[in-house]
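Content type compact mmCIF, C-alpha atoms, from the file coords-v3.txt:
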```
# COMPACT_ATOMS: atom_id res chain seq x y z
CA MET G 1 11.34 -39.88 9.02
CA ARG G 2 10.39 -43.22 10.61
CA HIS G 3 13.12 -45.02 8.69
CA ARG G 4 16.10 -45.95 10.84
CA ARG G 5 18.55 -44.76 8.17
CA PHE G 6 16.88 -41.37 7.85
CA LEU G 7 19.81 -39.39 9.28
CA ILE G 8 22.32 -40.84 6.83
CA GLY G 9 20.01 -40.70 3.83
CA VAL G 10 19.26 -37.93 1.35
CA TRP G 11 15.95 -36.80 2.82
CA PRO G 12 17.40 -34.39 5.43
CA TRP G 13 19.35 -32.69 2.67
CA ARG G 14 16.32 -32.61 0.38
CA SER G 15 14.30 -31.06 3.21
CA LEU G 16 17.02 -28.47 3.77
CA GLY G 17 17.07 -27.69 0.04
CA TYR G 18 13.29 -27.30 0.06
CA LEU G 19 13.42 -24.88 3.00
CA LEU G 20 16.24 -22.82 1.50
CA THR G 21 14.49 -22.51 -1.86
CA THR G 22 11.30 -21.59 0.02
CA ALA G 23 13.15 -18.61 1.48
CA LEU G 24 14.07 -17.50 -2.06
CA VAL G 25 10.47 -17.86 -3.26
CA VAL G 26 9.15 -15.94 -0.24
CA ALA G 27 11.63 -13.14 -0.92
CA ALA G 28 10.48 -12.93 -4.55
CA VAL G 29 6.77 -13.14 -3.78
CA GLY G 30 6.75 -10.95 -0.70
CA VAL G 31 7.16 -7.63 -2.55
CA PRO G 32 4.19 -7.98 -4.97
CA CYS G 33 2.00 -9.43 -2.20
CA LEU G 34 2.92 -6.51 0.02
CA ILE G 35 2.01 -4.07 -2.74
CA LEU G 36 -1.37 -5.74 -3.29
CA GLY G 37 -2.06 -5.83 0.44
CA MET G 38 -1.06 -2.21 1.10
CA PRO G 39 -4.67 -0.89 0.99
CA TRP G 40 -5.70 -3.47 3.58
CA LEU G 41 -2.72 -2.63 5.78
CA PHE G 42 -3.60 1.04 5.49
CA ALA G 43 -7.23 0.31 6.40
CA LEU G 44 -6.11 -1.77 9.40
CA HIS G 45 -3.74 0.97 10.52
CA ARG G 46 -6.46 3.56 10.12
CA LEU G 47 -8.87 1.42 12.10
CA THR G 48 -6.51 0.76 15.01
CA SER G 49 -4.69 4.09 15.31
CA GLY G 50 -7.51 6.57 15.45
CA GLY G 51 -7.13 7.39 19.13
CA PHE G 52 -10.24 8.94 20.57
CA GLN G 53 -11.59 9.87 17.16
CA PRO G 54 -15.09 8.36 16.60
CA ILE G 55 -15.05 5.26 14.45
CA GLU G 56 -17.69 6.79 12.17
CA ASN G 57 -15.09 9.31 11.00
CA ARG G 58 -12.71 6.52 9.99
CA LEU G 59 -15.22 4.06 8.58
CA GLY G 60 -15.28 5.56 5.08
CA VAL G 61 -11.50 5.41 4.68
CA VAL G 62 -11.42 1.87 6.07
CA LEU G 63 -14.13 0.68 3.69
CA PHE G 64 -12.45 2.39 0.76
CA GLY G 65 -9.09 0.79 1.55
CA THR G 66 -10.71 -2.62 1.98
CA LEU G 67 -12.53 -2.29 -1.36
CA VAL G 68 -9.41 -1.17 -3.23
CA GLY G 69 -7.42 -4.03 -1.72
CA ALA G 70 -10.07 -6.56 -2.72
CA VAL G 71 -10.14 -5.22 -6.30
CA LEU G 72 -6.34 -5.32 -6.58
CA ILE G 73 -6.15 -8.89 -5.30
CA THR G 74 -9.03 -10.00 -7.53
CA VAL G 75 -7.45 -8.49 -10.64
CA CYS G 76 -3.75 -9.10 -10.01
CA GLY G 77 -3.78 -12.04 -7.58
CA PRO G 78 -4.09 -14.78 -10.25
CA LEU G 79 -1.29 -13.19 -12.29
CA ILE G 80 1.01 -13.81 -9.31
CA GLY G 81 -0.54 -17.00 -7.96
CA LEU G 82 -0.53 -19.02 -11.19
CA PRO G 83 3.25 -18.90 -11.87
CA VAL G 84 4.02 -19.33 -8.17
CA ALA G 85 1.79 -22.41 -8.02
CA ALA G 86 3.46 -23.89 -11.12
CA LEU G 87 6.86 -23.38 -9.48
CA GLU G 88 5.69 -24.83 -6.16
CA ARG G 89 4.36 -27.97 -7.83
CA ARG G 90 7.83 -28.52 -9.28
CA ARG G 91 9.59 -27.74 -5.99
CA LEU G 92 7.36 -30.17 -4.13
CA ARG G 93 9.17 -33.02 -5.89
CA LEU G 94 12.10 -32.41 -3.52
CA ILE G 95 10.18 -33.84 -0.56
CA ASP G 96 7.27 -35.72 -2.18
CA THR G 97 7.70 -38.28 -4.93
CA ARG G 98 3.97 -38.50 -5.63
CA PRO G 99 2.78 -36.61 -8.74
CA VAL G 100 1.13 -33.24 -8.21
CA GLU G 101 -1.46 -32.44 -10.87
CA SER G 102 -2.83 -29.01 -11.62
CA GLY G 103 -6.53 -28.43 -11.03
CA HIS G 104 -6.88 -26.20 -14.10
CA VAL G 105 -8.93 -27.34 -17.06
CA GLN G 106 -7.43 -27.37 -20.52
CA LEU G 107 -8.28 -24.34 -22.63
CA ARG G 108 -10.45 -25.08 -25.67
CA GLU G 109 -9.92 -21.78 -27.44
CA PRO G 110 -6.77 -19.73 -27.98
CA GLY G 111 -6.55 -16.08 -27.07
CA PRO G 112 -6.42 -13.89 -23.96
CA TRP G 113 -10.17 -13.61 -23.36
CA PRO G 114 -10.85 -17.38 -23.11
CA TRP G 115 -7.81 -17.64 -20.81
CA LEU G 116 -9.08 -14.88 -18.53
CA ARG G 117 -12.64 -16.20 -18.54
CA THR G 118 -11.52 -19.72 -17.67
CA ARG G 119 -8.75 -19.04 -15.17
CA TYR G 120 -10.53 -16.30 -13.22
CA THR G 121 -13.58 -18.53 -12.66
CA GLU G 122 -11.76 -21.66 -11.49
CA ALA G 123 -11.62 -22.65 -7.84
CA ALA G 124 -8.08 -23.95 -8.40
CA THR G 125 -6.92 -20.44 -9.32
CA TRP G 126 -8.15 -18.90 -6.10
CA ARG G 127 -6.71 -21.72 -4.02
CA GLU G 128 -3.36 -20.93 -5.63
CA VAL G 129 -3.81 -17.23 -4.84
CA GLY G 130 -4.56 -18.13 -1.21
CA TYR G 131 -1.48 -20.34 -1.08
CA THR G 132 0.66 -17.52 -2.47
CA PHE G 133 -0.46 -15.10 0.24
CA LEU G 134 0.04 -17.77 2.92
CA LEU G 135 3.55 -18.29 1.55
CA ALA G 136 4.27 -14.56 1.77
CA THR G 137 2.76 -14.00 5.24
CA ALA G 138 2.47 -17.14 7.37
CA ALA G 139 5.56 -18.98 6.07
CA PRO G 140 8.12 -16.43 7.38
CA LEU G 141 6.53 -16.47 10.84
CA LEU G 142 6.36 -20.28 10.99
CA TYR G 143 9.85 -20.73 9.61
CA GLY G 144 11.25 -18.17 12.05
CA ALA G 145 9.61 -19.89 15.02
CA VAL G 146 10.82 -23.36 14.03
CA LEU G 147 14.34 -22.32 12.96
CA PHE G 148 14.88 -20.73 16.36
CA VAL G 149 15.58 -24.24 17.72
CA PRO G 150 18.51 -24.99 15.34
CA LEU G 151 19.93 -21.55 16.11
CA LEU G 152 19.71 -22.28 19.81
CA ILE G 153 21.46 -25.65 19.35
CA LEU G 154 24.22 -23.97 17.31
CA THR G 155 24.63 -21.40 20.09
CA LEU G 156 25.02 -24.20 22.65
CA LEU G 157 27.64 -25.88 20.48
CA ALA G 158 29.54 -22.63 20.08
CA ALA G 159 29.43 -21.76 23.81
CA PRO G 160 33.06 -22.83 24.59
CA PHE G 161 34.37 -20.73 21.72
CA LEU G 162 32.31 -17.74 22.80
CA VAL G 163 33.63 -17.93 26.38
CA ALA G 164 37.21 -18.63 25.30
CA ASP G 165 37.25 -15.57 23.03
CA GLY G 166 36.56 -13.31 25.97
CA GLY G 167 32.93 -12.86 25.25
CA GLY G 168 32.23 -12.87 28.95
CA PRO G 169 29.13 -14.29 30.55
CA PHE G 170 26.09 -14.57 28.32
CA ALA G 171 22.59 -15.85 28.96
CA ILE G 172 20.47 -18.38 27.09
CA GLY G 173 17.00 -17.93 28.46
CA ARG G 174 17.28 -18.16 32.25
CA PHE G 175 20.67 -19.87 32.17
CA THR G 176 23.88 -17.86 32.39
CA ILE G 177 27.14 -19.22 30.97
CA ASP G 178 30.05 -17.58 32.75
CA SER G 179 32.78 -20.26 32.85
CA ALA G 180 34.54 -22.78 30.67
CA ALA G 181 32.95 -25.68 32.59
CA SER G 182 29.38 -24.44 32.03
CA ALA G 183 30.26 -23.77 28.41
CA ARG G 184 31.47 -27.36 27.97
CA TRP G 185 28.22 -28.65 29.50
CA CYS G 186 26.23 -26.45 27.09
CA SER G 187 28.29 -27.76 24.18
CA LEU G 188 27.59 -31.35 25.28
CA ILE G 189 23.84 -30.63 25.48
CA GLY G 190 23.97 -29.05 22.03
CA LEU G 191 25.82 -32.06 20.67
CA LEU G 192 23.14 -34.41 22.06
CA LEU G 193 20.39 -32.26 20.57
CA LEU G 194 22.07 -31.96 17.17
CA PRO G 195 20.36 -35.06 15.66
CA VAL G 196 17.03 -33.37 16.38
CA VAL G 197 17.76 -30.72 13.75
CA PRO G 198 17.29 -32.94 10.65
CA TYR G 199 14.04 -34.28 12.04
CA LEU G 200 12.84 -30.78 12.81
CA LEU G 201 13.73 -29.53 9.33
CA ALA G 202 12.06 -32.55 7.73
CA LEU G 203 8.96 -32.03 9.87
CA LEU G 204 8.76 -28.37 8.84
CA ALA G 205 9.29 -29.24 5.15
CA GLY G 206 6.72 -32.03 5.39
CA ALA G 207 4.11 -29.73 6.96
CA HIS G 208 4.73 -27.13 4.26
CA GLY G 209 4.50 -29.80 1.57
CA ALA G 210 1.21 -31.12 2.98
CA VAL G 211 -0.33 -27.64 2.81
CA ALA G 212 1.03 -27.15 -0.71
CA ARG G 213 -0.39 -30.48 -1.86
CA LEU G 214 -3.75 -29.70 -0.25
CA LEU G 215 -4.09 -26.38 -2.07
CA LEU G 216 -2.24 -27.01 -5.34
CA HIS G 217 -3.07 -30.62 -6.17
CA ARG G 218 -6.18 -31.48 -8.13
CA GLY G 219 -8.54 -33.39 -5.89
CA GLY G 220 -10.82 -36.29 -6.77
CA ASP G 221 -13.87 -34.04 -7.21
CA GLU G 222 -12.01 -31.76 -9.58
CA ARG G 223 -10.72 -34.74 -11.55
CA LEU G 224 -14.24 -36.10 -11.85
CA ARG G 225 -15.56 -32.66 -12.78
CA ALA G 226 -12.86 -32.24 -15.44
CA GLU G 227 -13.68 -35.66 -16.86
CA LEU G 228 -17.39 -34.81 -16.96
CA VAL G 229 -16.62 -31.53 -18.72
CA GLU G 230 -14.50 -33.41 -21.23
CA VAL G 231 -17.30 -35.93 -21.80
CA ALA G 232 -19.80 -33.09 -22.32
CA HIS G 233 -17.49 -31.36 -24.80
CA SER G 234 -16.85 -34.64 -26.60
CA ARG G 235 -20.56 -35.36 -26.79
CA ALA G 236 -21.26 -31.88 -28.16
CA ARG G 237 -18.55 -32.35 -30.80
CA LEU G 238 -20.05 -35.69 -31.79
CA VAL G 239 -23.51 -34.12 -32.12
CA ASP G 240 -22.13 -31.31 -34.28
CA SER G 241 -20.22 -33.79 -36.40
CA PHE G 242 -23.34 -35.94 -36.76
CA GLU G 243 -25.46 -32.97 -37.83
CA SER G 244 -22.82 -31.86 -40.31
CA GLU G 245 -22.69 -35.34 -41.79
CA ARG G 246 -26.49 -35.48 -42.06
CA ARG G 247 -26.53 -32.19 -43.93
CA ARG G 248 -23.72 -33.33 -46.22
CA ILE G 249 -25.62 -36.52 -47.09
CA GLU G 250 -28.83 -34.52 -47.65
CA ARG G 251 -27.00 -32.07 -49.89
CA ASP G 252 -25.30 -34.80 -51.90
CA LEU G 253 -28.57 -36.66 -52.41
CA HIS G 254 -30.45 -33.49 -53.31
CA ASP G 255 -27.85 -32.12 -55.69
CA GLY G 256 -26.64 -35.46 -57.10
CA ALA G 257 -28.90 -38.52 -57.07
CA GLN G 258 -32.18 -36.60 -57.11
CA GLN G 259 -31.14 -34.46 -60.07
CA ARG G 260 -30.07 -37.56 -61.99
CA LEU G 261 -33.42 -39.21 -61.25
CA VAL G 262 -35.25 -36.11 -62.42
CA SER G 263 -33.24 -36.12 -65.65
CA LEU G 264 -33.86 -39.86 -66.10
CA THR G 265 -37.61 -39.42 -65.56
CA LEU G 266 -37.77 -36.62 -68.15
CA GLN G 267 -35.84 -38.65 -70.69
CA LEU G 268 -38.10 -41.66 -70.17
CA GLY G 269 -41.15 -39.46 -70.56
CA LEU G 270 -39.81 -37.98 -73.81
CA ALA G 271 -38.98 -41.47 -75.06
CA ARG G 272 -42.57 -42.57 -74.41
CA LEU G 273 -43.83 -39.68 -76.49
CA ASP G 274 -41.52 -40.57 -79.39
CA LEU G 275 -42.54 -44.25 -79.53
CA PRO G 276 -45.47 -45.37 -81.70
CA ALA G 277 -48.48 -46.59 -79.77
CA ASP G 278 -48.21 -50.09 -81.24
CA SER G 279 -44.50 -50.51 -80.43
CA PRO G 280 -43.63 -53.52 -78.20
CA ALA G 281 -41.33 -51.24 -76.12
CA VAL G 282 -44.22 -49.02 -74.93
CA ALA G 283 -45.24 -51.17 -71.98
CA PRO G 284 -41.70 -51.76 -70.58
CA LEU G 285 -40.86 -48.09 -71.09
CA ALA G 286 -44.03 -46.99 -69.29
CA THR G 287 -43.19 -49.32 -66.39
CA ALA G 288 -39.64 -47.93 -66.21
CA HIS G 289 -41.04 -44.40 -66.30
CA GLU G 290 -43.41 -45.08 -63.39
CA GLN G 291 -40.68 -46.79 -61.41
CA ALA G 292 -38.36 -43.82 -61.95
CA LYS G 293 -41.07 -41.42 -60.72
CA GLN G 294 -41.70 -43.66 -57.70
CA ALA G 295 -37.95 -43.83 -56.93
CA MET G 296 -37.75 -40.04 -57.17
CA ALA G 297 -40.64 -39.65 -54.73
CA GLU G 298 -39.07 -42.11 -52.30
CA LEU G 299 -35.72 -40.37 -52.55
CA ARG G 300 -37.44 -37.05 -51.86
CA GLU G 301 -38.95 -38.55 -48.71
CA ILE G 302 -35.57 -39.89 -47.63
CA ILE G 303 -33.96 -36.49 -48.15
CA HIS G 304 -36.76 -34.85 -46.21
CA GLY G 305 -36.27 -37.32 -43.36
CA ILE G 306 -32.52 -36.72 -43.19
CA HIS G 307 -32.83 -32.94 -42.86
CA PRO G 308 -35.82 -31.06 -44.27
CA GLN G 309 -34.98 -28.07 -46.39
CA ILE G 310 -37.77 -26.02 -44.84
CA LEU G 311 -36.11 -26.37 -41.41
CA THR G 312 -32.94 -24.82 -42.77
CA GLU G 313 -34.68 -22.05 -44.70
CA ARG G 314 -37.65 -21.05 -42.49
CA GLY G 315 -36.95 -22.47 -39.04
CA LEU G 316 -38.72 -24.70 -36.54
CA PRO G 317 -42.30 -23.30 -36.58
CA ALA G 318 -42.64 -23.69 -40.36
CA ALA G 319 -41.10 -27.16 -40.29
CA VAL G 320 -43.46 -28.28 -37.50
CA ALA G 321 -46.42 -26.84 -39.43
CA GLU G 322 -45.37 -28.89 -42.46
CA LEU G 323 -45.18 -32.01 -40.28
CA ALA G 324 -48.71 -31.26 -39.06
CA ASP G 325 -50.01 -30.95 -42.63
CA ARG G 326 -48.47 -34.29 -43.60
CA CYS G 327 -49.69 -36.17 -40.52
CA PRO G 328 -52.67 -38.51 -41.21
CA ILE G 329 -54.48 -37.32 -38.07
CA PRO G 330 -55.45 -33.70 -37.30
CA VAL G 331 -52.65 -31.73 -35.62
CA THR G 332 -52.96 -28.31 -34.00
CA VAL G 333 -49.79 -26.23 -33.66
CA GLN G 334 -49.70 -23.41 -31.12
CA GLY G 335 -46.92 -20.98 -30.22
CA ASP G 336 -44.77 -18.43 -31.96
CA LEU G 337 -41.01 -18.45 -31.57
CA SER G 338 -39.46 -15.04 -32.11
CA GLY G 339 -36.27 -15.27 -34.14
CA ARG G 340 -34.29 -18.26 -35.26
CA LEU G 341 -32.89 -20.84 -32.89
CA PRO G 342 -29.46 -22.50 -33.00
CA GLY G 343 -29.38 -25.15 -35.70
CA HIS G 344 -28.72 -28.11 -33.40
CA LEU G 345 -31.67 -27.14 -31.16
CA GLU G 346 -34.02 -26.76 -34.12
CA ALA G 347 -32.99 -30.16 -35.46
CA ALA G 348 -33.41 -31.85 -32.06
CA ALA G 349 -36.86 -30.33 -31.48
CA TYR G 350 -37.98 -31.09 -35.05
CA PHE G 351 -37.11 -34.77 -34.91
CA VAL G 352 -38.77 -35.11 -31.50
CA VAL G 353 -42.00 -33.73 -32.96
CA ALA G 354 -41.66 -35.93 -36.05
CA GLU G 355 -41.14 -39.08 -33.96
CA ALA G 356 -44.00 -38.17 -31.61
CA LEU G 357 -46.43 -37.58 -34.49
CA THR G 358 -45.34 -40.85 -36.14
CA ASN G 359 -45.90 -42.77 -32.89
CA ALA G 360 -49.29 -41.12 -32.37
CA ALA G 361 -50.42 -42.01 -35.89
CA ARG G 362 -49.18 -45.61 -35.70
CA HIS G 363 -49.77 -46.72 -32.13
CA SER G 364 -52.09 -44.45 -30.16
CA ALA G 365 -55.34 -44.53 -32.21
CA ALA G 366 -55.58 -40.81 -31.47
CA THR G 367 -58.11 -38.57 -33.19
CA GLY G 368 -56.16 -35.37 -32.61
CA VAL G 369 -52.72 -34.11 -31.60
CA ARG G 370 -51.66 -30.76 -30.18
CA VAL G 371 -48.14 -29.31 -30.45
CA ASP G 372 -47.16 -26.31 -28.29
CA LEU G 373 -43.94 -24.39 -28.82
CA ASP G 374 -42.75 -22.00 -26.13
CA ARG G 375 -39.51 -20.12 -25.58
CA GLN G 376 -38.96 -18.16 -22.37
CA ASP G 377 -36.41 -17.73 -19.58
CA GLY G 378 -33.66 -19.21 -21.72
CA GLN G 379 -35.51 -22.47 -22.38
CA LEU G 380 -37.30 -23.94 -25.37
CA THR G 381 -40.27 -26.11 -24.36
CA VAL G 382 -42.08 -28.40 -26.81
CA ARG G 383 -45.24 -30.23 -25.68
CA ILE G 384 -46.92 -32.91 -27.81
CA SER G 385 -50.20 -34.26 -26.47
CA ASP G 386 -52.75 -36.63 -28.01
CA ASP G 387 -56.09 -38.16 -27.00
CA GLY G 388 -55.07 -41.76 -27.77
CA HIS G 389 -55.14 -44.81 -25.54
CA GLY G 390 -51.69 -44.12 -24.01
CA GLY G 391 -49.36 -46.82 -22.77
CA ALA G 392 -46.24 -45.43 -24.47
CA ASP G 393 -43.14 -47.07 -22.99
CA PRO G 394 -39.51 -46.43 -24.06
CA ALA G 395 -38.74 -50.10 -23.40
CA HIS G 396 -41.10 -51.22 -26.18
CA GLY G 397 -39.00 -49.89 -29.02
CA THR G 398 -41.03 -46.78 -29.85
CA GLY G 399 -37.93 -44.68 -30.49
CA LEU G 400 -38.34 -42.68 -27.29
CA THR G 401 -35.02 -43.90 -25.88
CA GLY G 402 -33.20 -42.63 -28.95
CA LEU G 403 -34.95 -39.28 -28.63
CA ALA G 404 -33.95 -39.01 -24.98
CA ASP G 405 -30.32 -39.74 -25.89
CA ARG G 406 -30.42 -37.18 -28.67
CA LEU G 407 -31.82 -34.53 -26.32
CA ALA G 408 -29.28 -35.34 -23.62
CA ALA G 409 -26.51 -34.75 -26.12
CA VAL G 410 -27.59 -31.10 -26.49
CA GLY G 411 -28.26 -30.61 -22.78
CA GLY G 412 -32.02 -31.18 -22.89
CA ARG G 413 -34.40 -33.60 -21.23
CA MET G 414 -37.63 -35.37 -22.07
CA LEU G 415 -40.64 -35.92 -19.78
CA LEU G 416 -43.29 -38.50 -20.66
CA SER G 417 -46.72 -39.13 -19.19
CA SER G 418 -48.68 -41.89 -20.92
CA PRO G 419 -50.93 -43.85 -18.55
CA SER G 420 -52.91 -46.77 -19.88
CA GLY G 421 -56.10 -45.38 -21.38
CA GLY G 422 -54.47 -42.07 -22.25
CA PRO G 423 -53.90 -39.29 -22.83
CA THR G 424 -50.20 -39.08 -23.72
CA LEU G 425 -48.12 -35.97 -23.01
CA LEU G 426 -44.53 -35.67 -24.19
CA GLN G 427 -42.64 -32.58 -23.01
CA VAL G 428 -39.18 -31.61 -24.19
CA GLU G 429 -37.05 -28.94 -22.51
CA LEU G 430 -33.97 -27.57 -24.24
CA PRO G 431 -31.62 -24.86 -22.94
CA CYS G 432 -31.89 -21.97 -25.35
CA PRO G 433 -30.18 -18.79 -24.10
CA ARG G 434 -30.60 -15.70 -26.21
```

Can you present the structure in this file as structure tokens?
Amino acid sequence: MRHRRFLIGVWPWRSLGYLLTTALVVAAVGVPCLILGMPWLFALHRLTSGGFQPIENRLGVVLFGTLVGAVLITVCGPLIGLPVAALERRRLRLIDTRPVESGHVQLREPGPWPWLRTRYTEAATWREVGYTFLLATAAPLLYGAVLFVPLLILTLLAAPFLVADGGGPFAIGRFTIDSAASARWCSLIGLLLLPVVPYLLALLAGAHGAVARLLLHRGGDERLRAELVEVAHSRARLVDSFESERRRIERDLHDGAQQRLVSLTLQLGLARLDLPADSPAVAPLATAHEQAKQAMAELREIIHGIHPQILTERGLPAAVAELADRCPIPVTVQGDLSGRLPGHLEAAAYFVVAEALTNAARHSAATGVRVDLDRQDGQLTVRISDDGHGGADPAHGTGLTGLADRLAAVGGRMLLSSPSGGPTLLQVELPCPR
């Protein structure tokens, strides 16, 4: 509008097109919005037209109408607001060349229930519903008030024709036009005011577009929130993929390489039995046999470290108890978890306990370790405490940083208290809804 060539450019016509199409949208949206708002209108009418009747006698009907209206708008409002908002974002291109992005997140699952659950809980949806009702109620009033000025200017321009056709005197506000001379003066005033009309239409279209952009465009906070949600989903997918790959490797080693080593060990043992005691091949064969048994034991340890079979078959308490039995220092396990936990939570908690027991045995000079497992209020809590000399620091390469990253990937957190001189307390909290 500040451009000097505004009047001879395309923007006045684009503004006019935006306003005319707005009238069509209002006409289409007005009927369903009126139907949804009928209980509220009835409640308002009941509240204001009761005469001398006590308000207590009308309060029940008013509350009922208000409740029914709220339910109707809550249930049906998004079904109207979502398509209207999509149309308005496209129409806004008539007067605003900047892109208008939807504030809705992308659906991860197909089907009607995920759509309803996602769309009915988004702030963007209810902003669009609010915009739709503003479009159906406030827009006609505002447009009518502003468009009165162009109608007045057109009346001033048409004054000579109205007087010449025998229309007789007519009044515009406090002014009466009763002669050809006064009509010509009115026409001249209307002609001078005519350039105001494009600016007025552009101002009205711009104000409407600003409100539409405010309510229908995704803001910076929503963009950041959507990106964080995407990062969280991506991280969860990576964790699931990592766990699946671990289990695949464990299964392949258990069913492939380990079975071949077992068969090789048996064959070497049978070959040792078949050889005479004074044969020169006895010593090399015995060495190969022992090496095969040692390789099988090491492979079994590797498989157990990748994903222990007992964790899959019997769950976290049994797997932690096995870790305690294998630890070189005494370990006490307390707590009873009712039911199985999700696999990714069991794996995360298990490897935290395994790393903590390894660190305690190697670095803390502890004489005893205690492991507490607790599940309540939708949270799994694992506490590992020892009586060692303390001083555990994630910056010293003890594996604690990797554990914290692993827990963060499944939505958990790790708390560490390890002052110099001990004791050390490691607490892990994992979200675990039933």

**Message:** Rounded to one decimal, what separation in Å do you get between atom CA of G:Glu313 and atom CA of G:Ala348?
**Reply:** 16.0 Å

Shell of 7 Å around stretch 25-38 of chain G, only C-alpha atoms, local chain residues under 5 positions omitted, as a short mmCIF file (atom, residue, chain, number, x, y, z; two decimals) with C-alpha atoms, in the frame of the given file:
```cif
data_model
loop_
_atom_site.label_atom_id
_atom_site.label_comp_id
_atom_site.auth_asym_id
_atom_site.auth_seq_id
_atom_site.Cartn_x
_atom_site.Cartn_y
_atom_site.Cartn_z
CA GLY G 69 -7.42 -4.03 -1.72
CA LEU G 72 -6.34 -5.32 -6.58
CA ILE G 73 -6.15 -8.89 -5.30
CA PHE G 133 -0.46 -15.10 0.24
CA LEU G 135 3.55 -18.29 1.55
CA ALA G 136 4.27 -14.56 1.77
#
```

**Prompt:** Hey, what's within 9 Å of G:Pro423 if we count all atoms listed in the file and toss same-chain stuff fewer than 4 positions away? As number ranges by chain, please?
**Reply:** G: 366, 385-391, 417-419

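Residue neighbourhood of G:Gly339, excluding near-sequence residues (fewer than 3 positions): Arg314, Gly315, Leu316, Pro317, Asp336, Pro342, Glu346, Arg375, Cys432 and Arg434 of chain G, at 12 Å, using all atoms listed in the file.
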
**Top pick for closest residue to G:Ser49, considering G:Val62, G:Leu142, G:Leu82, G:Ala392 and counting all atoms listed in the file** =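 Nearest to G:Ser49: G:Val62.
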
**Asked** For the atom pair atom CA of G:Leu430 and atom CA of G:Gln106, what is the interatomic distance in Å to one decimal place?
**Response** 26.8 Å

**Length of the atom CA of G:Val129 to atom CA of G:Pro83 vector [Å]** = 10.1 Å

**Asked** Using only C-alpha atoms, which of G:Pro78, G:Pro280, G:Gly378, G:Pro431 sits nearest G:Arg117?
**Response**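 So, comparing all the options, the nearest one is G:Pro78.
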
**Item:** stretch 283-290 of chain G surroundings by all atoms listed in the file, 9 Å radius, close-in-sequence under 4 positions cut, as a PyMOL selection string
**Value:** chain G and resi 264-269+271-272+279+294-295

**Message:** I'd like to know which of G:Ala354, G:Glu122, G:Leu215, G:Leu416 is closest to G:Asp325, using all atoms listed in the file.
**Reply:**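 Distance minimum relative to G:Asp325 lands on G:Ala354.
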
**Prompt:** Which protein, DNA or RNA residues have an atom at most 7 Å from (-37.1, -25.5, -30.6), counting all atoms listed in the file? List them as a PyMOL selection string.
**Reply:** chain G and resi 316+341+345-346+349+380+382
